[in-house]
>>> print(open('work_33.cif').read())   # mmCIF, C-alpha atoms
data_protein
#
loop_
_atom_site.group_PDB
_atom_site.id
_atom_site.type_symbol
_atom_site.label_atom_id
_atom_site.label_comp_id
_atom_site.auth_asym_id
_atom_site.auth_seq_id
_atom_site.Cartn_x
_atom_site.Cartn_y
_atom_site.Cartn_z
ATOM 1 C CA MET A 23 159.462 93.430 153.540
ATOM 2 C CA THR A 24 155.740 93.674 152.960
ATOM 3 C CA THR A 25 153.259 96.219 154.214
ATOM 4 C CA THR A 26 150.190 94.231 153.244
ATOM 5 C CA LEU A 27 147.973 92.178 155.492
ATOM 6 C CA SER A 28 150.111 89.145 154.651
ATOM 7 C CA ALA A 29 152.535 90.431 157.302
ATOM 8 C CA LEU A 30 149.951 89.337 159.906
ATOM 9 C CA THR A 31 149.185 85.755 160.872
ATOM 10 C CA SER A 32 145.982 84.420 159.353
ATOM 11 C CA ALA A 33 144.281 84.523 162.777
ATOM 12 C CA HIS A 34 145.227 88.177 163.346
ATOM 13 C CA ARG A 35 144.345 89.092 159.765
ATOM 14 C CA ASP A 36 140.932 87.416 160.090
ATOM 15 C CA HIS A 37 140.299 89.102 163.442
ATOM 16 C CA LEU A 38 141.210 92.524 162.052
ATOM 17 C CA LEU A 39 139.062 92.058 158.945
ATOM 18 C CA SER A 40 136.128 90.993 161.129
ATOM 19 C CA LEU A 41 136.211 94.521 162.554
ATOM 20 C CA SER A 42 135.826 96.167 159.138
ATOM 21 C CA GLU A 43 132.988 97.390 156.985
ATOM 22 C CA HIS A 44 133.046 97.413 153.190
ATOM 23 C CA VAL A 45 132.958 100.942 151.742
ATOM 24 C CA GLN A 46 133.230 102.616 148.354
ATOM 25 C CA PHE A 47 134.438 106.075 147.373
ATOM 26 C CA PRO A 48 134.352 107.895 144.034
ATOM 27 C CA ALA A 49 137.486 109.314 142.436
ATOM 28 C CA ALA A 50 138.728 112.665 143.778
ATOM 29 C CA GLN A 51 137.179 112.282 147.252
ATOM 30 C CA ARG A 52 139.190 113.533 150.209
ATOM 31 C CA LEU A 53 139.453 110.812 152.850
ATOM 32 C CA PHE A 54 141.164 112.985 155.434
ATOM 33 C CA GLU A 55 143.051 116.233 155.928
ATOM 34 C CA GLU A 56 146.225 116.992 157.863
ATOM 35 C CA HIS A 57 145.604 117.603 161.587
ATOM 36 C CA ALA A 58 142.023 116.272 161.517
ATOM 37 C CA VAL A 59 141.009 113.545 163.973
ATOM 38 C CA ALA A 60 142.228 110.112 162.853
ATOM 39 C CA ASP A 61 139.193 108.062 163.816
ATOM 40 C CA ARG A 62 139.260 105.468 161.033
ATOM 41 C CA PHE A 63 141.582 103.776 158.573
ATOM 42 C CA TRP A 64 141.283 101.635 155.464
ATOM 43 C CA ILE A 65 142.811 98.732 153.614
ATOM 44 C CA LEU A 66 142.339 99.123 149.882
ATOM 45 C CA LYS A 67 140.619 96.360 147.934
ATOM 46 C CA THR A 68 140.525 98.190 144.577
ATOM 47 C CA GLY A 69 141.559 101.601 143.296
ATOM 48 C CA ALA A 70 144.270 104.009 144.342
ATOM 49 C CA VAL A 71 144.724 106.723 146.965
ATOM 50 C CA THR A 72 147.329 109.478 147.054
ATOM 51 C CA LEU A 73 148.872 110.748 150.261
ATOM 52 C CA ASP A 74 149.743 114.434 150.196
ATOM 53 C CA ALA A 75 151.239 117.178 152.310
ATOM 54 C CA ARG A 76 150.590 120.896 152.374
ATOM 55 C CA LEU A 77 153.723 122.825 151.556
ATOM 56 C CA PRO A 78 154.063 126.516 152.417
ATOM 57 C CA HIS A 79 153.129 128.750 149.471
ATOM 58 C CA ARG A 80 152.487 125.773 147.201
ATOM 59 C CA ARG A 81 149.702 123.395 146.350
ATOM 60 C CA ARG A 82 149.528 119.985 147.985
ATOM 61 C CA ALA A 83 152.501 117.784 147.185
ATOM 62 C CA GLU A 84 151.837 114.144 146.428
ATOM 63 C CA ILE A 85 153.917 112.029 148.777
ATOM 64 C CA ALA A 86 152.873 108.502 147.858
ATOM 65 C CA MET A 87 150.337 106.494 145.911
ATOM 66 C CA LEU A 88 148.683 103.549 147.648
ATOM 67 C CA GLU A 89 147.226 100.575 145.815
ATOM 68 C CA PRO A 90 145.137 97.483 146.594
ATOM 69 C CA GLY A 91 146.340 95.742 149.733
ATOM 70 C CA ASP A 92 147.853 98.924 151.167
ATOM 71 C CA LEU A 93 146.986 100.418 154.540
ATOM 72 C CA VAL A 94 145.579 103.949 154.272
ATOM 73 C CA GLY A 95 146.128 105.839 157.495
ATOM 74 C CA LEU A 96 148.684 105.327 160.243
ATOM 75 C CA SER A 97 147.956 108.115 162.711
ATOM 76 C CA TRP A 98 144.901 106.342 164.157
ATOM 77 C CA LEU A 99 147.168 104.143 166.315
ATOM 78 C CA PHE A 100 149.304 106.864 167.915
ATOM 79 C CA PRO A 101 148.234 109.734 170.188
ATOM 80 C CA PRO A 102 147.162 112.430 169.591
ATOM 81 C CA TYR A 103 145.291 110.514 166.824
ATOM 82 C CA GLU A 104 145.603 113.290 164.231
ATOM 83 C CA TRP A 105 146.440 112.831 160.564
ATOM 84 C CA GLU A 106 149.964 113.834 159.606
ATOM 85 C CA LEU A 107 149.140 113.886 155.875
ATOM 86 C CA GLY A 108 146.071 114.223 153.703
ATOM 87 C CA ALA A 109 144.603 111.547 151.437
ATOM 88 C CA GLU A 110 142.449 111.573 148.319
ATOM 89 C CA THR A 111 141.109 108.845 146.081
ATOM 90 C CA LEU A 112 142.817 108.831 142.697
ATOM 91 C CA SER A 113 140.241 106.484 141.207
ATOM 92 C CA PRO A 114 137.053 104.828 142.449
ATOM 93 C CA VAL A 115 137.963 102.845 145.561
ATOM 94 C CA ARG A 116 136.569 99.836 147.376
ATOM 95 C CA ALA A 117 138.054 99.271 150.802
ATOM 96 C CA HIS A 118 137.788 97.724 154.219
ATOM 97 C CA GLU A 119 137.057 100.573 156.633
ATOM 98 C CA PHE A 120 137.920 100.307 160.318
ATOM 99 C CA ASP A 121 136.652 102.277 163.287
ATOM 100 C CA ALA A 122 139.948 103.232 164.943
ATOM 101 C CA PRO A 123 138.719 103.483 168.553
ATOM 102 C CA ARG A 124 137.179 100.016 168.218
ATOM 103 C CA VAL A 125 140.407 98.516 166.848
ATOM 104 C CA ARG A 126 142.444 100.222 169.580
ATOM 105 C CA ALA A 127 140.069 98.752 172.182
ATOM 106 C CA GLU A 128 140.548 95.279 170.667
ATOM 107 C CA CYS A 129 144.314 95.800 170.779
ATOM 108 C CA ARG A 130 144.118 96.676 174.488
ATOM 109 C CA SER A 131 141.862 93.729 175.320
ATOM 110 C CA ASP A 132 144.036 91.216 173.440
ATOM 111 C CA PRO A 133 147.711 92.152 173.947
ATOM 112 C CA VAL A 134 148.978 89.524 171.486
ATOM 113 C CA PHE A 135 146.687 90.911 168.781
ATOM 114 C CA GLY A 136 147.629 94.452 169.808
ATOM 115 C CA PHE A 137 151.340 93.688 169.557
ATOM 116 C CA ALA A 138 150.869 92.159 166.092
ATOM 117 C CA ILE A 139 148.908 95.195 164.883
ATOM 118 C CA SER A 140 151.470 97.582 166.380
ATOM 119 C CA GLN A 141 154.328 95.721 164.699
ATOM 120 C CA TRP A 142 152.505 95.719 161.363
ATOM 121 C CA VAL A 143 151.616 99.424 161.496
ATOM 122 C CA GLY A 144 155.143 100.218 162.687
ATOM 123 C CA MET A 145 156.589 98.372 159.692
ATOM 124 C CA VAL A 146 154.311 100.313 157.336
ATOM 125 C CA LEU A 147 155.239 103.548 159.105
ATOM 126 C CA ALA A 148 158.972 102.908 158.723
ATOM 127 C CA GLN A 149 158.603 102.210 155.008
ATOM 128 C CA ARG A 150 156.402 105.270 154.465
ATOM 129 C CA LEU A 151 158.795 107.473 156.397
ATOM 130 C CA GLN A 152 161.662 106.453 154.118
ATOM 131 C CA ALA A 153 159.534 106.975 150.998
ATOM 132 C CA THR A 154 158.331 110.363 152.295
ATOM 133 C CA ARG A 155 161.867 111.439 153.040
ATOM 134 C CA SER A 156 162.947 110.554 149.510
ATOM 135 C CA ARG A 157 159.952 112.332 147.992
ATOM 136 C CA MET A 158 160.524 115.490 150.057
ATOM 137 C CA LEU A 159 164.181 115.558 148.993
ATOM 138 C CA ASP A 160 163.046 115.287 145.355
ATOM 139 C CA LEU A 161 160.604 118.177 145.855
ATOM 140 C CA TYR A 162 163.275 120.278 147.549
ATOM 141 C CA GLU A 163 165.758 119.608 144.760
ATOM 142 C CA SER A 164 163.259 120.485 142.036
ATOM 143 C CA ALA A 165 162.323 123.709 143.872
ATOM 144 C CA THR A 166 165.955 124.819 144.187
ATOM 145 C CA HIS A 167 166.551 124.255 140.458
ATOM 146 C CA ALA A 168 163.408 126.058 139.325
#
>>> encode(input="work_33.cif", output="structure tokens")
Amino acid sequence: MTTTLSALTSAHRDHLLSLSEHVQFPAAQRLFEEHAVADRFWILKTGAVTLDARLPHRRRAEIAMLEPGDLVGLSWLFPPYEWELGAETLSPVRAHEFDAPRVRAECRSDPVFGFAISQWVGMVLAQRLQATRSRMLDLYESATHA
């Protein structure tokens, strides 16, 4: 199963990309923080981004690393539109950036497009949830053996 744009039809992929702007970020830039408003999202063209979570009494824990083709940000599609994780560029990044309210409006105005986007983001979400679960279990295990 793929989480890249190839999971969308070419028409839906082209429509989504037509809603994007090209952006660049330097290494070590925070893209978003947990619980902040999720008003945009990105698809990486180059570079890498880490997703992280704040753990009580510890520094941020890296949950996943995203690479070119990956979707950065899932919370923009689901109320209350707040980030569940944080994200930071690991290297210089070039990406497609999307205005989340605009994409949500397009999804509402074109239900077929909206369903395709929801299915795609849902697929990414399911894969990330499994990866996050595995990573959290690894962190828990290492903490109990320390």
>>> closest_residue(input="work_33.cif", among="A:Leu93, A:Leu147, A:Leu77, A:Val59", to="A:His118", atoms="only C-alpha atoms")
A:Leu93
>>> residues_around(input="work_33.cif", residues="A:Asp121", least_positions_apart="5", cutoff="9 Å", atoms="all atoms listed in the file", output="list in words")
Leu41, Ser42, Glu43, Asp61, Arg62, Phe63 and Arg126 of chain A
>>> resolve_selection(input="work_33.cif", expression="the PyMOL selection byres ((chain A and resi 88) around 8)", output="list of chain:residue names")
A:Ala70, A:Val71, A:Thr72, A:Leu73, A:Ala86, A:Met87, A:Glu89, A:Pro90, A:Asp92, A:Leu93, A:Val94
>>> resolve_selection(input="work_33.cif", expression="the PyMOL selection byres ((chain A and resi 38) around 12)", output="ChimeraX atom specification")
/A:27,30-37,39-43,63-65,118-122,124-129,132,135-136,138-139,142
>>> atom_distance(input="work_33.cif", atom1="atom CA of A:Glu56", atom2="atom CA of A:Arg150")
15.9 Å
>>> atom_distance(input="work_33.cif", atom1="atom CA of A:Ala58", atom2="atom CA of A:Pro133")
27.7 Å
>>> atom_distance(input="work_33.cif", atom1="atom CA of A:Glu84", atom2="atom CA of A:Glu106")
13.3 Å
>>> resolve_selection(input="work_33.cif", expression="the PyMOL selection byres ((chain A and resi 48) around 10)", output="PyMOL selection string")
chain A and resi 46-47+49-52+69+110-116
>>> closest_residue(input="work_33.cif", among="A:Ala148, A:Ala60, A:Ala153, A:Ile85", to="A:Leu99", atoms="only C-alpha atoms")
A:Ala60
>>> closest_residue(input="work_33.cif", among="A:Thr26, A:Ser140, A:Ser97, A:Thr68", to="A:Phe54", atoms="only C-alpha atoms")
A:Ser97
>>> closest_residue(input="work_33.cif", among="A:Ala75, A:Ala29, A:Ala83, A:Leu96", to="A:Val143", atoms="all atoms listed in the file")
A:Leu96
>>> closest_residue(input="work_33.cif", among="A:Thr166, A:Gln152, A:Arg82, A:Pro123", to="A:Glu55", atoms="only C-alpha atoms")
A:Arg82
>>> closest_residue(input="work_33.cif", among="A:Asp74, A:Arg155, A:Gln141, A:His57", to="A:Gly108", atoms="all atoms listed in the file")
A:Asp74
